[in-house]
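Q: So here's target_28.pdb, just PDB, C-alpha atoms:
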```pdb
ATOM      1  CA  MET Z   1      62.927  54.189  12.533
ATOM      2  CA  PRO Z   2      60.265  56.929  12.639
ATOM      3  CA  SER Z   3      58.357  57.885  15.799
ATOM      4  CA  GLN Z   4      56.732  55.022  17.702
ATOM      5  CA  LEU Z   5      53.265  56.183  16.656
ATOM      6  CA  VAL Z   6      54.124  56.334  12.952
ATOM      7  CA  ASN Z   7      55.974  53.024  13.200
ATOM      8  CA  ASP Z   8      53.023  51.299  14.872
ATOM      9  CA  TYR Z   9      50.144  52.553  12.742
ATOM     10  CA  PHE Z  10      51.474  53.496   9.290
ATOM     11  CA  ARG Z  11      52.563  51.304   6.386
ATOM     12  CA  GLN Z  12      56.235  52.171   6.313
ATOM     13  CA  GLU Z  13      56.683  50.983   2.744
ATOM     14  CA  ASN Z  14      54.252  53.686   1.557
ATOM     15  CA  LEU Z  15      55.988  56.579   3.332
ATOM     16  CA  PRO Z  16      56.878  59.344   2.771
ATOM     17  CA  HIS Z  17      53.389  60.228   1.579
ATOM     18  CA  ILE Z  18      52.859  62.142  -1.643
ATOM     19  CA  TRP Z  19      50.918  65.086  -0.180
ATOM     20  CA  CYS Z  20      52.471  68.433  -1.110
ATOM     21  CA  SER Z  21      54.888  70.325   1.089
ATOM     22  CA  GLY Z  22      52.841  72.112   3.767
ATOM     23  CA  CYS Z  23      49.618  70.202   3.054
ATOM     24  CA  GLY Z  24      47.722  69.750   6.307
ATOM     25  CA  ASN Z  25      46.420  66.259   5.530
ATOM     26  CA  GLY Z  26      49.349  64.609   7.298
ATOM     27  CA  ILE Z  27      48.554  66.530  10.480
ATOM     28  CA  VAL Z  28      44.942  65.324  10.497
ATOM     29  CA  THR Z  29      45.921  61.737   9.724
ATOM     30  CA  ARG Z  30      48.387  61.684  12.622
ATOM     31  CA  ALA Z  31      45.718  63.098  14.961
ATOM     32  CA  ILE Z  32      43.274  60.351  13.930
ATOM     33  CA  VAL Z  33      45.901  57.691  14.613
ATOM     34  CA  LYS Z  34      46.680  59.278  17.972
ATOM     35  CA  ALA Z  35      42.965  59.093  18.839
ATOM     36  CA  ILE Z  36      42.806  55.399  17.931
ATOM     37  CA  ASP Z  37      45.981  54.776  19.937
ATOM     38  CA  SER Z  38      44.692  56.603  22.963
ATOM     39  CA  LEU Z  39      41.390  54.691  22.899
ATOM     40  CA  GLY Z  40      43.462  51.504  22.870
ATOM     41  CA  LEU Z  41      41.604  49.993  19.911
ATOM     42  CA  LYS Z  42      43.155  46.921  18.317
ATOM     43  CA  LYS Z  43      44.258  47.529  14.746
ATOM     44  CA  ASP Z  44      42.166  44.595  13.526
ATOM     45  CA  ASP Z  45      39.048  46.142  15.067
ATOM     46  CA  VAL Z  46      39.386  49.310  13.016
ATOM     47  CA  CYS Z  47      38.361  49.710   9.391
ATOM     48  CA  VAL Z  48      39.285  52.893   7.538
ATOM     49  CA  VAL Z  49      37.250  53.613   4.433
ATOM     50  CA  SER Z  50      38.070  56.459   2.068
ATOM     51  CA  GLY Z  51      36.733  57.867  -1.176
ATOM     52  CA  ILE Z  52      38.684  59.746  -3.829
ATOM     53  CA  GLY Z  53      40.725  62.894  -3.418
ATOM     54  CA  CYS Z  54      43.941  64.009  -1.771
ATOM     55  CA  SER Z  55      42.681  63.231   1.734
ATOM     56  CA  SER Z  56      41.340  59.847   0.730
ATOM     57  CA  ARG Z  57      44.866  58.658   0.021
ATOM     58  CA  ALA Z  58      45.219  58.356   3.802
ATOM     59  CA  SER Z  59      43.778  54.841   3.770
ATOM     60  CA  GLY Z  60      46.802  53.643   1.794
ATOM     61  CA  TYR Z  61      49.196  54.940   4.414
ATOM     62  CA  LEU Z  62      47.381  53.526   7.425
ATOM     63  CA  ASP Z  63      47.973  50.018   8.745
ATOM     64  CA  PHE Z  64      44.411  49.002   9.668
ATOM     65  CA  ASN Z  65      41.786  47.194   7.651
ATOM     66  CA  THR Z  66      41.521  49.756   4.874
ATOM     67  CA  ILE Z  67      39.597  50.219   1.673
ATOM     68  CA  HIS Z  68      40.055  52.977  -0.901
ATOM     69  CA  THR Z  69      36.704  53.183  -2.658
ATOM     70  CA  THR Z  70      35.092  55.175  -5.464
ATOM     71  CA  HIS Z  71      34.438  58.921  -5.560
ATOM     72  CA  GLY Z  72      31.864  60.006  -2.995
ATOM     73  CA  ARG Z  73      30.905  56.443  -2.109
ATOM     74  CA  ALA Z  74      33.048  55.843   0.966
ATOM     75  CA  LEU Z  75      29.962  56.052   3.193
ATOM     76  CA  ALA Z  76      28.061  53.562   1.047
ATOM     77  CA  PHE Z  77      30.913  51.044   1.341
ATOM     78  CA  ALA Z  78      31.278  51.839   5.042
ATOM     79  CA  THR Z  79      27.568  51.203   5.632
ATOM     80  CA  GLY Z  80      27.933  47.721   4.110
ATOM     81  CA  ILE Z  81      31.044  46.992   6.154
ATOM     82  CA  LYS Z  82      29.408  48.123   9.397
ATOM     83  CA  LEU Z  83      26.297  46.022   8.773
ATOM     84  CA  ALA Z  84      28.369  42.965   7.857
ATOM     85  CA  ASN Z  85      30.490  43.294  10.992
ATOM     86  CA  PRO Z  86      28.956  45.706  13.519
ATOM     87  CA  LYS Z  87      31.841  45.113  15.952
ATOM     88  CA  LEU Z  88      34.255  47.002  13.709
ATOM     89  CA  ASN Z  89      35.045  50.629  14.431
ATOM     90  CA  VAL Z  90      34.373  52.028  10.988
ATOM     91  CA  ILE Z  91      36.108  55.308  10.197
ATOM     92  CA  VAL Z  92      35.508  57.199   6.979
ATOM     93  CA  ILE Z  93      38.097  59.632   5.666
ATOM     94  CA  SER Z  94      36.796  61.982   3.019
ATOM     95  CA  GLY Z  95      37.493  65.384   1.513
ATOM     96  CA  ASP Z  96      35.138  68.335   1.185
ATOM     97  CA  GLY Z  97      34.379  67.567  -2.457
ATOM     98  CA  ASP Z  98      34.117  63.829  -1.905
ATOM     99  CA  ALA Z  99      31.832  64.150   1.126
ATOM    100  CA  SER Z 100      29.644  67.091   0.216
ATOM    101  CA  ALA Z 101      29.423  67.186  -3.592
ATOM    102  CA  ILE Z 102      29.826  63.770  -5.184
ATOM    103  CA  GLY Z 103      28.940  61.989  -1.950
ATOM    104  CA  GLY Z 104      26.538  64.581  -0.578
ATOM    105  CA  ASN Z 105      23.556  62.291  -0.733
ATOM    106  CA  HIS Z 106      25.360  59.485   1.058
ATOM    107  CA  LEU Z 107      26.399  61.963   3.734
ATOM    108  CA  ILE Z 108      22.890  63.156   4.534
ATOM    109  CA  HIS Z 109      21.407  59.680   4.480
ATOM    110  CA  ALA Z 110      24.132  58.140   6.631
ATOM    111  CA  SER Z 111      23.402  60.967   9.078
ATOM    112  CA  ARG Z 112      19.670  60.364   8.880
ATOM    113  CA  ARG Z 113      20.164  56.658   9.461
ATOM    114  CA  ASN Z 114      22.439  57.340  12.450
ATOM    115  CA  ILE Z 115      24.662  54.377  11.612
ATOM    116  CA  ASP Z 116      27.698  54.006  13.870
ATOM    117  CA  ILE Z 117      30.347  55.415  11.537
ATOM    118  CA  THR Z 118      32.846  58.143  12.382
ATOM    119  CA  THR Z 119      33.419  60.404   9.400
ATOM    120  CA  ILE Z 120      36.328  62.789   9.300
ATOM    121  CA  VAL Z 121      36.121  65.362   6.528
ATOM    122  CA  TYR Z 122      39.425  66.988   5.588
ATOM    123  CA  ASN Z 123      38.103  70.337   4.417
ATOM    124  CA  ASN Z 124      40.721  72.213   2.382
ATOM    125  CA  ASN Z 125      38.137  74.302   0.479
ATOM    126  CA  ILE Z 126      39.144  72.979  -2.942
ATOM    127  CA  TYR Z 127      39.571  69.927  -5.182
ATOM    128  CA  GLY Z 128      43.328  69.516  -4.866
ATOM    129  CA  MET Z 129      43.972  66.241  -6.655
ATOM    130  CA  THR Z 130      42.300  67.222  -9.901
ATOM    131  CA  GLY Z 131      43.871  70.662 -10.167
ATOM    132  CA  GLY Z 132      42.131  73.187  -7.939
ATOM    133  CA  GLN Z 133      38.476  73.301  -8.985
ATOM    134  CA  TYR Z 134      36.063  74.974  -6.555
ATOM    135  CA  SER Z 135      34.148  72.712  -4.186
ATOM    136  CA  PRO Z 136      30.954  73.211  -2.154
ATOM    137  CA  THR Z 137      33.102  74.595   0.663
ATOM    138  CA  THR Z 138      35.112  77.122  -1.358
ATOM    139  CA  PRO Z 139      34.168  80.452   0.222
ATOM    140  CA  CYS Z 140      31.975  82.735  -1.889
ATOM    141  CA  GLY Z 141      34.189  85.143  -3.833
ATOM    142  CA  ASP Z 142      37.331  83.000  -3.579
ATOM    143  CA  LYS Z 143      39.144  81.880  -6.684
ATOM    144  CA  ALA Z 144      39.688  78.422  -8.120
ATOM    145  CA  THR Z 145      40.767  76.987 -11.480
ATOM    146  CA  THR Z 146      37.096  76.823 -12.470
ATOM    147  CA  ALA Z 147      36.266  80.171 -10.847
ATOM    148  CA  PRO Z 148      38.992  82.503 -12.144
ATOM    149  CA  TYR Z 149      36.894  85.600 -11.315
ATOM    150  CA  GLY Z 150      35.685  84.294  -7.956
ATOM    151  CA  ASN Z 151      33.222  81.657  -6.877
ATOM    152  CA  LEU Z 152      29.584  82.802  -6.967
ATOM    153  CA  ASP Z 153      28.121  79.931  -4.950
ATOM    154  CA  ASN Z 154      27.381  80.012  -1.247
ATOM    155  CA  THR Z 155      29.186  77.436   0.848
ATOM    156  CA  PHE Z 156      27.915  74.441   2.697
ATOM    157  CA  ASP Z 157      28.284  74.508   6.442
ATOM    158  CA  LEU Z 158      28.978  70.781   6.777
ATOM    159  CA  CYS Z 159      28.250  70.714  10.499
ATOM    160  CA  ASP Z 160      24.872  72.413  10.062
ATOM    161  CA  LEU Z 161      24.125  70.152   7.111
ATOM    162  CA  VAL Z 162      24.583  66.901   9.022
ATOM    163  CA  LYS Z 163      22.853  68.314  12.071
ATOM    164  CA  GLY Z 164      19.772  68.923   9.973
ATOM    165  CA  ALA Z 165      20.113  65.429   8.560
ATOM    166  CA  GLY Z 166      20.284  63.753  11.976
ATOM    167  CA  ALA Z 167      23.932  63.059  12.888
ATOM    168  CA  THR Z 168      24.401  62.535  16.625
ATOM    169  CA  TYR Z 169      27.974  63.784  17.196
ATOM    170  CA  ILE Z 170      29.212  66.864  15.326
ATOM    171  CA  ALA Z 171      32.422  68.813  15.828
ATOM    172  CA  ARG Z 172      34.881  71.034  13.984
ATOM    173  CA  SER Z 173      38.572  71.751  14.489
ATOM    174  CA  THR Z 174      41.534  73.057  12.515
ATOM    175  CA  ILE Z 175      44.998  71.670  11.841
ATOM    176  CA  TYR Z 176      46.433  74.362  14.075
ATOM    177  CA  SER Z 177      45.009  72.339  16.980
ATOM    178  CA  PRO Z 178      45.835  68.658  16.402
ATOM    179  CA  ASN Z 179      45.022  67.825  20.030
ATOM    180  CA  MET Z 180      41.493  69.121  19.498
ATOM    181  CA  ILE Z 181      41.145  66.957  16.378
ATOM    182  CA  GLN Z 182      42.327  63.965  18.395
ATOM    183  CA  LYS Z 183      39.834  64.579  21.201
ATOM    184  CA  GLN Z 184      36.958  65.041  18.756
ATOM    185  CA  VAL Z 185      37.832  61.858  16.867
ATOM    186  CA  GLU Z 186      37.966  59.975  20.180
ATOM    187  CA  ASN Z 187      34.519  61.276  21.116
ATOM    188  CA  GLY Z 188      33.233  60.553  17.621
ATOM    189  CA  ILE Z 189      34.388  56.946  17.835
ATOM    190  CA  LYS Z 190      32.879  56.620  21.321
ATOM    191  CA  ASN Z 191      29.507  57.895  20.073
ATOM    192  CA  LYS Z 192      27.302  54.967  19.065
ATOM    193  CA  GLY Z 193      25.814  56.621  16.034
ATOM    194  CA  PHE Z 194      26.824  58.780  13.105
ATOM    195  CA  SER Z 195      29.624  61.207  13.952
ATOM    196  CA  LEU Z 196      31.031  63.930  11.756
ATOM    197  CA  ILE Z 197      34.263  65.722  12.500
ATOM    198  CA  GLU Z 198      35.064  68.516  10.087
ATOM    199  CA  THR Z 199      38.747  69.439  10.167
ATOM    200  CA  ILE Z 200      39.784  72.617   8.422
ATOM    201  CA  THR Z 201      43.053  71.884   6.678
ATOM    202  CA  SER Z 202      45.195  73.846   4.260
ATOM    203  CA  CYS Z 203      46.097  73.412   0.610
ATOM    204  CA  PRO Z 204      48.968  75.808  -0.075
ATOM    205  CA  THR Z 205      49.401  74.432  -3.604
ATOM    206  CA  TYR Z 206      45.959  75.257  -5.014
ATOM    207  CA  TYR Z 207      43.614  77.067  -2.646
ATOM    208  CA  GLY Z 208      46.432  79.031  -1.041
ATOM    209  CA  ARG Z 209      48.182  79.987  -4.264
ATOM    210  CA  LYS Z 210      44.976  80.888  -6.148
ATOM    211  CA  ASN Z 211      43.830  83.124  -3.300
ATOM    212  CA  LYS Z 212      47.186  84.576  -2.278
ATOM    213  CA  LYS Z 213      46.918  83.076   1.192
ATOM    214  CA  GLY Z 214      50.673  82.660   1.474
ATOM    215  CA  ASP Z 215      52.713  79.589   2.325
ATOM    216  CA  ALA Z 216      51.956  76.738   4.712
ATOM    217  CA  VAL Z 217      53.057  78.702   7.766
ATOM    218  CA  GLN Z 218      50.925  81.717   6.845
ATOM    219  CA  MET Z 219      47.890  79.510   6.212
ATOM    220  CA  LEU Z 220      48.347  77.789   9.577
ATOM    221  CA  THR Z 221      48.763  81.161  11.287
ATOM    222  CA  TYR Z 222      45.524  82.299   9.636
ATOM    223  CA  LEU Z 223      43.696  79.278  11.076
ATOM    224  CA  ARG Z 224      45.154  80.033  14.506
ATOM    225  CA  ASP Z 225      44.073  83.678  14.372
ATOM    226  CA  HIS Z 226      40.598  83.162  12.926
ATOM    227  CA  SER Z 227      39.293  80.148  14.798
ATOM    228  CA  ILE Z 228      37.142  80.702  17.855
ATOM    229  CA  ASN Z 229      35.160  78.434  20.167
ATOM    230  CA  THR Z 230      31.377  78.506  20.277
ATOM    231  CA  VAL Z 231      31.116  80.217  23.672
ATOM    232  CA  ALA Z 232      33.319  83.144  22.625
ATOM    233  CA  TYR Z 233      31.669  83.292  19.195
ATOM    234  CA  ASN Z 234      28.201  83.642  20.692
ATOM    235  CA  LYS Z 235      29.308  86.773  22.538
ATOM    236  CA  LEU Z 236      30.413  88.539  19.335
ATOM    237  CA  SER Z 237      28.423  91.020  17.277
ATOM    238  CA  ASP Z 238      27.467  90.166  13.698
ATOM    239  CA  GLU Z 239      30.333  92.260  12.307
ATOM    240  CA  GLU Z 240      32.864  90.630  14.606
ATOM    241  CA  ARG Z 241      31.676  87.176  13.534
ATOM    242  CA  GLU Z 242      32.622  87.859   9.911
ATOM    243  CA  GLY Z 243      35.391  85.534   8.705
ATOM    244  CA  LYS Z 244      35.594  83.515  11.912
ATOM    245  CA  ILE Z 245      35.951  79.732  11.925
ATOM    246  CA  VAL Z 246      33.868  78.328  14.764
ATOM    247  CA  VAL Z 247      35.454  75.274  16.364
ATOM    248  CA  GLY Z 248      34.394  72.866  19.081
ATOM    249  CA  GLU Z 249      31.767  70.237  19.725
ATOM    250  CA  PHE Z 250      28.400  71.400  18.391
ATOM    251  CA  HIS Z 251      26.169  68.435  19.017
ATOM    252  CA  ASN Z 252      26.375  65.276  21.090
ATOM    253  CA  SER Z 253      22.965  63.760  21.459
ATOM    254  CA  PRO Z 254      22.753  59.951  21.199
ATOM    255  CA  LYS Z 255      19.785  58.325  19.481
ATOM    256  CA  PRO Z 256      19.038  54.652  18.679
ATOM    257  CA  GLU Z 257      21.706  53.382  16.307
ATOM    258  CA  PHE Z 258      20.953  51.679  12.992
ATOM    259  CA  THR Z 259      22.894  48.380  13.234
ATOM    260  CA  GLN Z 260      21.524  47.850  16.733
ATOM    261  CA  LEU Z 261      17.955  48.419  15.555
ATOM    262  CA  TYR Z 262      18.599  46.113  12.613
ATOM    263  CA  ASP Z 263      19.909  43.394  14.925
ATOM    264  CA  GLU Z 264      16.885  43.750  17.204
ATOM    265  CA  LEU Z 265      14.593  43.452  14.202
ATOM    266  CA  ILE Z 266      16.303  40.222  13.090
ATOM    267  CA  LYS Z 267      16.002  38.795  16.596
ATOM    268  CA  SER Z 268      12.324  39.704  16.887
ATOM    269  CA  MET Z 269      11.589  38.102  13.504
ATOM    270  CA  ALA Z 270      13.458  34.936  14.536
ATOM    271  CA  LYS Z 271      11.271  34.668  17.655
ATOM    272  CA  GLU Z 272       8.110  34.766  15.555
ATOM    273  CA  ASP Z 273       9.307  31.677  13.639
TER     274      ASP Z 273
ATOM    275  CA  MET B   1      54.428  71.714  29.552
ATOM    276  CA  PRO B   2      55.361  68.038  29.239
ATOM    277  CA  THR B   3      59.074  67.461  29.522
ATOM    278  CA  ASN B   4      60.598  64.069  29.168
ATOM    279  CA  THR B   5      64.316  64.090  29.722
ATOM    280  CA  GLU B   6      64.752  60.669  28.108
ATOM    281  CA  LYS B   7      63.534  61.996  24.774
ATOM    282  CA  VAL B   8      65.430  63.926  22.159
ATOM    283  CA  VAL B   9      64.213  65.742  19.057
ATOM    284  CA  THR B  10      64.975  63.560  16.055
ATOM    285  CA  VAL B  11      64.685  64.288  12.329
ATOM    286  CA  ASN B  12      64.361  62.286   9.135
ATOM    287  CA  LEU B  13      65.645  64.515   6.360
ATOM    288  CA  GLU B  14      64.456  62.121   3.670
ATOM    289  CA  TRP B  15      60.832  62.701   4.677
ATOM    290  CA  CYS B  16      61.164  66.468   5.236
ATOM    291  CA  LYS B  17      59.607  68.610   2.505
ATOM    292  CA  GLY B  18      60.821  71.886   3.956
ATOM    293  CA  CYS B  19      57.425  73.483   4.632
ATOM    294  CA  GLY B  20      58.801  75.315   7.683
ATOM    295  CA  ILE B  21      55.850  74.607   9.995
ATOM    296  CA  CYS B  22      58.046  73.134  12.752
ATOM    297  CA  VAL B  23      60.396  76.112  12.534
ATOM    298  CA  ALA B  24      57.569  78.654  12.791
ATOM    299  CA  PHE B  25      55.734  77.043  15.696
ATOM    300  CA  CYS B  26      58.707  75.976  17.815
ATOM    301  CA  PRO B  27      58.315  78.107  20.960
ATOM    302  CA  LYS B  28      62.053  78.133  21.694
ATOM    303  CA  ASP B  29      63.524  78.875  18.259
ATOM    304  CA  VAL B  30      65.389  75.567  18.183
ATOM    305  CA  LEU B  31      64.956  74.908  14.483
ATOM    306  CA  ASP B  32      65.632  76.482  11.124
ATOM    307  CA  LEU B  33      65.740  75.413   7.505
ATOM    308  CA  LYS B  34      69.017  74.631   5.768
ATOM    309  CA  ASP B  35      68.982  73.693   2.087
ATOM    310  CA  GLU B  36      65.161  73.463   2.331
ATOM    311  CA  LYS B  37      65.318  70.814   5.072
ATOM    312  CA  ILE B  38      64.938  70.928   8.858
ATOM    313  CA  HIS B  39      68.064  71.824  10.726
ATOM    314  CA  ILE B  40      68.456  71.721  14.508
ATOM    315  CA  LYS B  41      70.356  74.896  15.241
ATOM    316  CA  ASN B  42      70.120  75.019  19.020
ATOM    317  CA  ILE B  43      69.363  71.674  20.666
ATOM    318  CA  ASN B  44      70.162  73.070  24.116
ATOM    319  CA  ALA B  45      67.118  75.366  23.967
ATOM    320  CA  CYS B  46      64.743  72.460  23.281
ATOM    321  CA  ILE B  47      62.168  71.929  26.039
ATOM    322  CA  LYS B  48      60.798  68.730  24.428
ATOM    323  CA  CYS B  49      57.282  70.125  24.201
ATOM    324  CA  GLY B  50      56.575  68.138  21.036
ATOM    325  CA  GLN B  51      54.914  71.000  19.127
ATOM    326  CA  CYS B  52      57.084  70.147  16.097
ATOM    327  CA  GLU B  53      56.006  66.504  16.099
ATOM    328  CA  LEU B  54      52.361  67.484  16.579
ATOM    329  CA  ARG B  55      52.257  69.675  13.472
ATOM    330  CA  CYS B  56      54.805  68.118  11.108
ATOM    331  CA  PRO B  57      52.649  66.990   8.171
ATOM    332  CA  ASP B  58      55.392  64.635   6.971
ATOM    333  CA  TYR B  59      56.315  62.824  10.237
ATOM    334  CA  ALA B  60      59.887  64.000   9.687
ATOM    335  CA  ILE B  61      60.500  65.348  13.202
ATOM    336  CA  TRP B  62      59.638  63.764  16.534
ATOM    337  CA  LEU B  63      60.712  63.209  20.096
ATOM    338  CA  GLY B  64      62.576  59.924  19.895
ATOM    339  CA  ASP B  65      64.506  57.783  22.325
ATOM    340  CA  ARG B  66      67.906  59.094  23.176
TER     341      ARG B  66
END
```
Output the structure of this file as structure tokens.
A:
Amino acid sequence: MPSQLVNDYFRQENLPHIWCSGCGNGIVTRAIVKAIDSLGLKKDDVCVVSGIGCSSRASGYLDFNTIHTTHGRALAFATGIKLANPKLNVIVISGDGDASAIGGNHLIHASRRNIDITTIVYNNNIYGMTGGQYSPTTPCGDKATTAPYGNLDNTFDLCDLVKGAGATYIARSTIYSPNMIQKQVENGIKNKGFSLIETITSCPTYYGRKNKKGDAVQMLTYLRDHSINTVAYNKLSDEEREGKIVVGEFHNSPKPEFTQLYDELIKSMAKED
Amino acid sequence: MPTNTEKVVTVNLEWCKGCGICVAFCPKDVLDLKDEKIHIKNINACIKCGQCELRCPDYAIWLGDR
């Protein structure tokens, strides 16, 4: 029997998972489950919705209500699920490509709508499943299958993006700190509104190999050495800020939530009849 | 540091993919890799901190019941 946590919340028949050796996705998935466990949510009250990509395979391993949807559309499906049954804790698992390229429009509009969905983006800076193409979060200058001489595009800052779009809880963490991921997911679920947790994870197979970042241990060590909390970051000079990954909770500012407003509208219309 | 004397570090070699993360981040040098799988080389040094379980991407090592 595996650990109690894995036994209680994972579909044993689907394990071991097929993520590569050293892939950080398993670390994030465990942290999400730990958050759900520590909040004491019933499994039937949780719905995990995922799109397409390496990270989105998580829904198949998790023993909740789960749905593995189409590329980029996890948030569209999740919006329908939340409106149909607002009591569900709807959690979206998505990758950087899925959430910010193919599903970029859904991401900004779900944020704008402030619907009570907790989205966890597994950001590994690359499209892993399809062979290592560059994504909107591949750092400028870094290599990918489709950028053999280096990526020319600037990157999305996902946290800034959803802040501008209206999300009410926004945080970032790395797989070096699974306890931080857990805490942020807990707070994201507790927030009655749209929450985005960006977790920086590692892809030793594609992003790491293409950019000579070393093996899984070296990539994890890099995340440890380059992540910094907002307070310490704000004290640094511009040069010192170069290459740093800022982690922590950036925004937690509740606003009226969509399904609640929708319910109130229905009730007010019913009164008029 | 949480220590639970009832627990013992447990491995599932079938799930281990030999990435070496648990070995690298074990604060007491309890683990190493043998034939590309986890190997507990010094169980007596284990302080049951759970760092291995926290970061194992494959759920192949954990603090289980004795």
Q: Calculate how many Å separate CA of Ala167 in chain Z from CA of Arg112 in chain Z, rounding to one decimal.
A: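 It comes out at 6.4 Å.
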Q: Considering all atoms listed in the file, can you say which of Z:Lys190, Z:Lys255, Z:Arg57, Z:Lys43 comes closest to Thr29 in chain Z?
A: Z:Arg57
Q: So which residues are close to (66.5, 58.9, 26.1), meaning at most 8 Å away in the file's coordinates with all atoms listed in the file counted, and can you show them as a PyMOL selection string?
A: chain B and resi 5-8+64-66
Q: To test your reading of the syntax: which residues would the PyMOL selection byres ((chain Z) within 7 of (chain B)) return for the file shown? Reply as a list in words.
A: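 Applied to this file, the PyMOL selection byres ((chain Z) within 7 of (chain B)) selects Ser3, Pro16, Ser21, Gly22, Cys23, Gly24, Asn25, Gly26, Ile27, Pro178, Ala216 and Val217 of chain Z.
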Q: Here's the selection I'm unsure about, the PyMOL selection byres ((chain Z and resi 226-243) around 12); applied to the file above, which residues does it give, as a compact mmCIF listing (two decimals) with C-alpha atoms, in the coordinates of the input?
A:
```txt
# COMPACT_ATOMS: atom_id res chain seq x y z
CA PRO Z 139 34.17 80.45 0.22
CA CYS Z 140 31.98 82.74 -1.89
CA ALA Z 171 32.42 68.81 15.83
CA ARG Z 172 34.88 71.03 13.98
CA SER Z 173 38.57 71.75 14.49
CA THR Z 174 41.53 73.06 12.52
CA ILE Z 175 45.00 71.67 11.84
CA TYR Z 176 46.43 74.36 14.08
CA SER Z 177 45.01 72.34 16.98
CA MET Z 180 41.49 69.12 19.50
CA THR Z 199 38.75 69.44 10.17
CA ILE Z 200 39.78 72.62 8.42
CA MET Z 219 47.89 79.51 6.21
CA LEU Z 220 48.35 77.79 9.58
CA THR Z 221 48.76 81.16 11.29
CA TYR Z 222 45.52 82.30 9.64
CA LEU Z 223 43.70 79.28 11.08
CA ARG Z 224 45.15 80.03 14.51
CA ASP Z 225 44.07 83.68 14.37
CA LYS Z 244 35.59 83.52 11.91
CA ILE Z 245 35.95 79.73 11.92
CA VAL Z 246 33.87 78.33 14.76
CA VAL Z 247 35.45 75.27 16.36
CA GLY Z 248 34.39 72.87 19.08
CA GLU Z 249 31.77 70.24 19.73
CA PHE Z 250 28.40 71.40 18.39
CA HIS Z 251 26.17 68.44 19.02
```
Q: Quick one, how far is CA of Phe77 in chain Z from CA of Cys20 in chain Z?
A: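 We find that CA of Phe77 in chain Z and CA of Cys20 in chain Z lie 27.8 Å from each other.
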Q: Would you translate the PyMOL selection byres ((chain B and resi 43) around 10) into the concrete set of residues it matches in this file, as a list in words?
A: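 Evaluating the PyMOL selection byres ((chain B and resi 43) around 10) on this file yields Val8, Val9, Lys28, Asp29, Val30, Leu31, Ile40, Lys41, Asn42, Asn44, Ala45, Cys46, Ile47 and Lys48 of chain B.
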Q: Limited to C-alpha atoms, could you put the picked residues into a file as a PDB file, in the frame of the given file?
A:
```
ATOM      1  CA  VAL B   8      65.430  63.926  22.159  1.00  0.00           C
ATOM      2  CA  VAL B   9      64.213  65.742  19.057  1.00  0.00           C
ATOM      3  CA  LYS B  28      62.053  78.133  21.694  1.00  0.00           C
ATOM      4  CA  ASP B  29      63.524  78.875  18.259  1.00  0.00           C
ATOM      5  CA  VAL B  30      65.389  75.567  18.183  1.00  0.00           C
ATOM      6  CA  LEU B  31      64.956  74.908  14.483  1.00  0.00           C
ATOM      7  CA  ILE B  40      68.456  71.721  14.508  1.00  0.00           C
ATOM      8  CA  LYS B  41      70.356  74.896  15.241  1.00  0.00           C
ATOM      9  CA  ASN B  42      70.120  75.019  19.020  1.00  0.00           C
ATOM     10  CA  ASN B  44      70.162  73.070  24.116  1.00  0.00           C
ATOM     11  CA  ALA B  45      67.118  75.366  23.967  1.00  0.00           C
ATOM     12  CA  CYS B  46      64.743  72.460  23.281  1.00  0.00           C
ATOM     13  CA  ILE B  47      62.168  71.929  26.039  1.00  0.00           C
ATOM     14  CA  LYS B  48      60.798  68.730  24.428  1.00  0.00           C
TER      15      LYS B  48
END
```
